[in-house]
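Shown next, in structure tokens, is the structure this report addresses.
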Amino acid sequence: MSGWLRLSVTQFETEEDVITYLLVNMEGTALAWALPHLANIGTDKATIRTVDDFDRAFEQAFFDPDEQQAAERKITTLVQTTTTATYATKFRTLLMSLDWNNAALRAQFYKGLHWHVKQQLTQKEDQPRDLEALIAAAIRVDNVRHKLEISWPPQENRPKPTATTTTGRTNSGTPRVDSDRLKSNPNYVSEAKRQRRQDKKLCIKCGKAGH
């Protein structure tokens, strides 16, 4: 709240106007706390006279130290596991319970980003200088990444490289012969028969001796 208070001081004429505005707009339990302070504004009984007084009094009444410690533990272990937008939402929820400055929040947010988003951010010429600018840039980068993933076909549908085929030749480069067509040739002699005729010194083609 202190950040909002510092900004609000420039929008009202006096700090008392800021305090009055805040107290009047409280609701529920906070309103019950605000009414006595509202009644004492401008009197000697007032314990809230400045914006800093209001900030301290409000924190004492409603701030839970255990909540801050829990938020610190969670935010330092928070990492992006889905989209950057989801990660940013969780991060913003936790920072509401913290009083870290912008530089610390920016560094922690960057630390928990997915490595791919970090890689893309480092390639940007204009680096984001505050937390909100970093969140916006990271979400844009992540959205582009998801669009590319959706447009890329699944692994099983991707075109496969065509294998080079050689028609009519074996791996050794020797012409391949159709065995059925070869056997139908009346002059065909099998390898085994040729070997037997050769062993007996017969003609390989006709199987007779003397020529």
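Residue names in the structure tokens use chain letters A, B, ... in the order shown, residue numbers from 1 in each chain, and ligand numbers from 1 in the order shown.
Close contacts of Thr47 (chain A), defined as residues with an atom at most 12 Å away when counting only C-alpha atoms, with chain neighbours fewer than 6 positions off set aside, comprise A:Glu16, A:Ile19, A:Ala34, A:Pro36, A:His37, A:Leu38, A:Ala39, A:Asn40, A:Ile41, A:Asp53, A:Phe54, A:Asp55, A:Arg56, A:Ala57, A:Phe58.
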- Take CA of Gln123 (chain A) and CA of Val79 (chain A) and report the distance between them in Å, one decimal. 21.1 Å
Under the rule of at most 12 Å, produce a per-residue listing of region 25-108 of chain A near region 118-122 of chain A: chain, number, name, the closest pair of atoms, and the distance in Å, as a tab-separated table, using only C-alpha atoms.
residue	atom	partner	partner_atom	distance
A:Gln80	CA	A:Lys118	CA	11.1
A:Thr84	CA	A:Lys118	CA	11.0
A:Ala107	CA	A:Lys118	CA	11.9
Would you output that residue set with N, CA and C atoms, as a compact mmCIF listing (two decimals), in the first residue's frame?
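Saved result, selection.txt, follows:
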# COMPACT_ATOMS: atom_id res chain seq x y z
N GLN A 80 8.28 -20.82 -13.63
CA GLN A 80 7.31 -20.98 -14.71
C GLN A 80 7.26 -22.43 -15.15
N THR A 84 3.76 -18.03 -19.43
CA THR A 84 4.28 -16.88 -18.69
C THR A 84 3.15 -16.10 -18.04
N ALA A 107 14.15 -8.85 -10.49
CA ALA A 107 15.18 -9.89 -10.51
C ALA A 107 14.58 -11.26 -10.18
